Amino acid sequence: MTKIKVIIPAFNEEESIPLVIKAIPNSVDEIIVVNNNSTDQTEANAKAAGATVLTEPNKGYGYACLNGMDYIAKQTKKPDIIVFLDGDYSDYPEELDKIVAPIIVDDIDFVIGARVPELREEGSMTGPQIFGNWLATSLMKLFFRSTFTDLGPFRAIKYEKLLGLYMEDKTYGWTVEMQLKALKQNLSYKEIPVNYRNRIGVSKVSGTIKGAIFAGVKILTWIFKYSFK
């Protein structure tokens, strides 16, 4: 039976995190919420909803994901698949089974939940987000002949393949780093269209000018770094 673990980075998501956890299908073996220095009830609410809760004091999406991976690495029985999911309830966690299906059924290495326009709630992605996705995926197409259309955070990957990527980004570049390294290593990949809605609360990245600028710079830095390697 396929063993699946979910890693959810969470910073001040007290309202949304119980909804995310409860909507995750029973096919998942363990839900790991990495509390990324929250100042609200994120940790308590995640525990009450049944998740394993880790603490990551360094702020940053990548820091939180790496913390979750370190926790899994120390376990005796390793998972077959790791799913990454945001804690803001913008994705539909109940769609997890269709995200992992290409890995289980077709032996695909890596799957991205693509936030396609026809399945996106109005206002769920900001103008800078939409432009940033277009620019990043266009550059990946140009330099790597990629077919990616999104940097969606809802994604699944074979655990052994994830380890082989040697992920290192600590902040905004985590998603694009994973996709670039998957391309460089010729991993098989697929995009699955997913529904996307307005998040609960304010985005820590796209919701601020500073966050949007830093995320954009980080993403472009990774792309050009790998394009000229």
# chains A, B, ... in the order shown; residues from 1 in each chain; ligands from 1
$ residues_around --residues "stretch 133-144 of chain A" --least-positions-apart "2" --cutoff "8 Å" --atoms "only C-alpha atoms" --output "VMD selection string"
chain A and resid 129 to 131 146 to 151 180 183 219 to 220 223 227
$ write_last_selection --atoms "C-alpha atoms" --output "PDB file, in the first residue's frame"
ATOM      1  CA  GLN A 129       1.245  36.254  -8.966  1.00  0.00           C
ATOM      2  CA  ILE A 130      -0.269  35.620 -12.386  1.00  0.00           C
ATOM      3  CA  PHE A 131       2.485  37.566 -14.144  1.00  0.00           C
ATOM      4  CA  SER A 146       9.524  22.617 -20.011  1.00  0.00           C
ATOM      5  CA  THR A 147       5.754  22.237 -20.215  1.00  0.00           C
ATOM      6  CA  PHE A 148       5.091  23.677 -16.753  1.00  0.00           C
ATOM      7  CA  THR A 149       2.387  26.361 -16.647  1.00  0.00           C
ATOM      8  CA  ASP A 150       2.352  27.035 -12.899  1.00  0.00           C
ATOM      9  CA  LEU A 151       4.478  27.143  -9.747  1.00  0.00           C
ATOM     10  CA  LEU A 180      14.158  23.403 -12.035  1.00  0.00           C
ATOM     11  CA  LEU A 183      13.966  19.351 -15.116  1.00  0.00           C
ATOM     12  CA  ILE A 219      12.397  32.938  -8.534  1.00  0.00           C
ATOM     13  CA  LEU A 220      14.272  34.676 -11.345  1.00  0.00           C
ATOM     14  CA  ILE A 223      15.985  30.258 -13.109  1.00  0.00           C
ATOM     15  CA  SER A 227      19.951  28.208 -17.122  1.00  0.00           C
TER      16      SER A 227
END
$ residues_around --residues "stretch 75-78 of chain A" --least-positions-apart "4" --cutoff "9 Å" --atoms "only C-alpha atoms" --output "ChimeraX atom specification"
/A:3,71,159
$ select_by_dssp --residues "stretch 60-213 of chain A" --states "strand (DSSP E)" --output "PyMOL selection string"
chain A and resi 81-84+110-114+155-158+189-193
$ select_by_dssp --residues "stretch 5-229 of chain A" --states "alpha helix (DSSP H)" --output "count of residues only"
93
$ residues_around --residues "A:Ala23" --least-positions-apart "6" --cutoff "9 Å" --atoms "only C-alpha atoms" --output "list in words"
Tyr92, Pro93 and Glu94 of chain A
$ residues_around --residues "stretch 189-192 of chain A" --least-positions-apart "6" --cutoff "10 Å" --atoms "only C-alpha atoms" --output "VMD selection string"
chain A and resid 95 98 to 103 107 to 116 146 to 150 152 155 to 157 179 182 to 183
$ write_last_selection --atoms "N, CA and C atoms" --output "compact mmCIF listing (two decimals), in the first residue's frame"
# COMPACT_ATOMS: atom_id res chain seq x y z
N GLU A 95 -8.64 17.19 -3.13
CA GLU A 95 -8.15 16.82 -4.46
C GLU A 95 -6.80 16.10 -4.41
N LYS A 98 -6.22 12.92 -6.54
CA LYS A 98 -5.97 13.05 -7.98
C LYS A 98 -4.58 13.63 -8.26
N ILE A 99 -3.98 14.29 -7.26
CA ILE A 99 -2.61 14.79 -7.40
C ILE A 99 -1.61 13.62 -7.35
N VAL A 100 -1.87 12.66 -6.48
CA VAL A 100 -0.93 11.54 -6.34
C VAL A 100 -1.20 10.40 -7.33
N ALA A 101 -2.36 10.41 -7.96
CA ALA A 101 -2.74 9.32 -8.88
C ALA A 101 -1.73 9.06 -9.99
N PRO A 102 -1.18 10.11 -10.66
CA PRO A 102 -0.20 9.83 -11.72
C PRO A 102 1.06 9.13 -11.20
N ILE A 103 1.40 9.36 -9.94
CA ILE A 103 2.57 8.70 -9.36
C ILE A 103 2.25 7.23 -9.09
N ASP A 107 3.43 5.82 -12.53
CA ASP A 107 4.83 5.88 -12.13
C ASP A 107 5.51 7.21 -12.49
N ILE A 108 4.73 8.29 -12.55
CA ILE A 108 5.29 9.63 -12.75
C ILE A 108 6.04 10.03 -11.48
N ASP A 109 7.14 10.77 -11.64
CA ASP A 109 7.96 11.14 -10.48
C ASP A 109 7.41 12.32 -9.68
N PHE A 110 6.80 13.28 -10.39
CA PHE A 110 6.55 14.59 -9.80
C PHE A 110 5.26 15.17 -10.41
N VAL A 111 4.36 15.65 -9.56
CA VAL A 111 3.08 16.18 -10.04
C VAL A 111 2.81 17.55 -9.42
N ILE A 112 2.42 18.50 -10.27
CA ILE A 112 2.06 19.85 -9.83
C ILE A 112 0.56 20.03 -9.97
N GLY A 113 -0.07 20.57 -8.94
CA GLY A 113 -1.47 20.98 -9.06
C GLY A 113 -1.50 22.34 -9.73
N ALA A 114 -1.95 22.39 -10.98
CA ALA A 114 -1.92 23.63 -11.76
C ALA A 114 -3.20 24.45 -11.55
N ARG A 115 -3.01 25.70 -11.15
CA ARG A 115 -4.14 26.59 -10.87
C ARG A 115 -4.60 27.24 -12.18
N VAL A 116 -5.30 26.47 -12.99
CA VAL A 116 -5.72 26.92 -14.31
C VAL A 116 -6.82 27.98 -14.19
N SER A 146 10.48 23.08 -21.01
CA SER A 146 9.52 22.62 -20.01
C SER A 146 8.09 22.82 -20.50
N THR A 147 7.17 22.03 -19.94
CA THR A 147 5.75 22.24 -20.22
C THR A 147 5.00 22.74 -18.98
N PHE A 148 5.74 23.14 -17.94
CA PHE A 148 5.09 23.68 -16.75
C PHE A 148 4.33 24.96 -17.10
N THR A 149 3.16 25.13 -16.49
CA THR A 149 2.39 26.36 -16.65
C THR A 149 2.18 27.08 -15.32
N ASP A 150 2.62 26.47 -14.22
CA ASP A 150 2.35 27.03 -12.90
C ASP A 150 3.44 26.64 -11.91
N GLY A 152 2.51 26.12 -8.79
CA GLY A 152 1.56 25.80 -7.73
C GLY A 152 2.17 25.09 -6.53
N ARG A 155 1.56 20.04 -4.51
CA ARG A 155 2.39 19.18 -5.36
C ARG A 155 2.74 17.88 -4.66
N ALA A 156 3.04 16.88 -5.44
CA ALA A 156 3.41 15.56 -4.90
C ALA A 156 4.64 15.06 -5.63
N ILE A 157 5.49 14.36 -4.90
CA ILE A 157 6.72 13.85 -5.49
C ILE A 157 7.12 12.55 -4.78
N GLN A 179 11.12 22.56 -9.21
CA GLN A 179 10.80 22.32 -10.62
C GLN A 179 12.04 22.37 -11.51
N ALA A 182 14.06 19.21 -10.94
CA ALA A 182 13.38 18.08 -11.57
C ALA A 182 13.65 18.07 -13.07
N LEU A 183 13.66 19.25 -13.69
CA LEU A 183 13.97 19.35 -15.12
C LEU A 183 15.41 18.95 -15.40
$ atom_distance --atom1 "atom CA of A:Ala46" --atom2 "atom CA of A:Lys59"
18.2 Å
$ closest_residue --among "A:Ser188, A:Ala48, A:Val176, A:Thr39" --to "A:Gly132" --atoms "only C-alpha atoms"
A:Val176
$ closest_residue --among "A:Thr2, A:Lys170, A:Glu15, A:Asp70" --to "A:Asn58" --atoms "only C-alpha atoms"
A:Lys170
$ residues_around --residues "A:Thr42" --least-positions-apart "5" --cutoff "9 Å" --atoms "only C-alpha atoms" --output "number ranges by chain"
A: 10-18, 35, 47
$ write_last_selection --atoms "N, CA and C atoms" --output "PDB file, in the first residue's frame"
ATOM      1  N   ALA A  10       3.084  26.518   7.884  1.00  0.00           N
ATOM      2  CA  ALA A  10       1.988  27.370   8.354  1.00  0.00           C
ATOM      3  C   ALA A  10       2.504  28.506   9.227  1.00  0.00           C
ATOM      4  N   PHE A  11       2.154  29.720   8.841  1.00  0.00           N
ATOM      5  CA  PHE A  11       2.496  30.907   9.632  1.00  0.00           C
ATOM      6  C   PHE A  11       1.216  31.711   9.850  1.00  0.00           C
ATOM      7  N   ASN A  12       0.758  31.740  11.089  1.00  0.00           N
ATOM      8  CA  ASN A  12      -0.459  32.463  11.463  1.00  0.00           C
ATOM      9  C   ASN A  12      -1.652  32.076  10.589  1.00  0.00           C
ATOM     10  N   GLU A  13      -1.985  30.796  10.642  1.00  0.00           N
ATOM     11  CA  GLU A  13      -3.121  30.268   9.872  1.00  0.00           C
ATOM     12  C   GLU A  13      -4.129  29.598  10.812  1.00  0.00           C
ATOM     13  N   GLU A  14      -4.400  30.236  11.959  1.00  0.00           N
ATOM     14  CA  GLU A  14      -5.238  29.606  12.974  1.00  0.00           C
ATOM     15  C   GLU A  14      -6.656  29.282  12.486  1.00  0.00           C
ATOM     16  N   GLU A  15      -7.206  30.124  11.620  1.00  0.00           N
ATOM     17  CA  GLU A  15      -8.567  29.889  11.140  1.00  0.00           C
ATOM     18  C   GLU A  15      -8.620  28.796  10.076  1.00  0.00           C
ATOM     19  N   SER A  16      -7.646  28.806   9.192  1.00  0.00           N
ATOM     20  CA  SER A  16      -7.693  27.906   8.040  1.00  0.00           C
ATOM     21  C   SER A  16      -7.122  26.516   8.301  1.00  0.00           C
ATOM     22  N   ILE A  17      -6.156  26.407   9.186  1.00  0.00           N
ATOM     23  CA  ILE A  17      -5.426  25.134   9.316  1.00  0.00           C
ATOM     24  C   ILE A  17      -6.327  23.959   9.724  1.00  0.00           C
ATOM     25  N   PRO A  18      -7.323  24.134  10.604  1.00  0.00           N
ATOM     26  CA  PRO A  18      -8.191  22.987  10.906  1.00  0.00           C
ATOM     27  C   PRO A  18      -8.998  22.537   9.686  1.00  0.00           C
ATOM     28  N   ASN A  35       4.865  24.630  12.112  1.00  0.00           N
ATOM     29  CA  ASN A  35       4.503  25.946  12.629  1.00  0.00           C
ATOM     30  C   ASN A  35       5.700  26.877  12.478  1.00  0.00           C
ATOM     31  N   LYS A  47      -2.859  20.801  16.192  1.00  0.00           N
ATOM     32  CA  LYS A  47      -2.809  19.622  17.061  1.00  0.00           C
ATOM     33  C   LYS A  47      -4.213  19.103  17.346  1.00  0.00           C
TER      34      LYS A  47
END
$ closest_residue --among "A:Lys161, A:Lys218, A:Arg199, A:Arg120" --to "A:Leu19" --atoms "only C-alpha atoms"
A:Arg199
$ closest_residue --among "A:Met1, A:Ile81, A:Ile7, A:Val33" --to "A:Ala51" --atoms "only C-alpha atoms"
A:Val33
$ closest_residue --among "A:Asn198, A:Gln185, A:Thr221, A:Gln41" --to "A:Gly173" --atoms "only C-alpha atoms"
A:Thr221
$ atom_distance --atom1 "atom CA of A:Pro128" --atom2 "atom CA of A:Val6"
27.8 Å
$ atom_distance --atom1 "atom CA of A:Gly68" --atom2 "atom CA of A:Leu54"
7.4 Å
$ closest_residue --among "A:Ile104, A:Met69, A:Met167, A:Leu187" --to "A:Glu56" --atoms "only C-alpha atoms"
A:Met69
$ residues_around --residues "A:Pro117" --least-positions-apart "6" --cutoff "12 Å" --atoms "only C-alpha atoms" --output "PyMOL selection string"
chain A and resi 123-125+130+149-150+193-197
$ write_last_selection --atoms "N, CA and C atoms" --output "compact mmCIF listing (two decimals), in the first residue's frame"
# COMPACT_ATOMS: atom_id res chain seq x y z
N GLY A 123 -10.10 36.61 -8.10
CA GLY A 123 -9.35 37.28 -7.04
C GLY A 123 -8.45 36.38 -6.23
N SER A 124 -8.46 35.07 -6.53
CA SER A 124 -7.67 34.13 -5.72
C SER A 124 -6.17 34.24 -6.00
N MET A 125 -5.82 34.75 -7.18
CA MET A 125 -4.42 35.04 -7.49
C MET A 125 -4.30 36.51 -7.87
N ILE A 130 0.03 36.13 -11.05
CA ILE A 130 -0.27 35.62 -12.39
C ILE A 130 0.87 35.94 -13.34
N THR A 149 3.16 25.13 -16.49
CA THR A 149 2.39 26.36 -16.65
C THR A 149 2.18 27.08 -15.32
N ASP A 150 2.62 26.47 -14.22
CA ASP A 150 2.35 27.03 -12.90
C ASP A 150 3.44 26.64 -11.91
N PRO A 193 -4.84 19.86 -13.39
CA PRO A 193 -5.63 21.05 -13.08
C PRO A 193 -6.35 20.91 -11.74
N VAL A 194 -6.24 21.95 -10.92
CA VAL A 194 -6.90 21.92 -9.60
C VAL A 194 -7.72 23.18 -9.39
N ASN A 195 -8.70 23.07 -8.53
CA ASN A 195 -9.49 24.24 -8.15
C ASN A 195 -8.69 25.11 -7.19
N TYR A 196 -8.99 26.39 -7.20
CA TYR A 196 -8.25 27.32 -6.35
C TYR A 196 -9.20 28.43 -5.93
N ARG A 197 -9.19 28.77 -4.62
CA ARG A 197 -10.13 29.77 -4.11
C ARG A 197 -9.38 30.86 -3.34
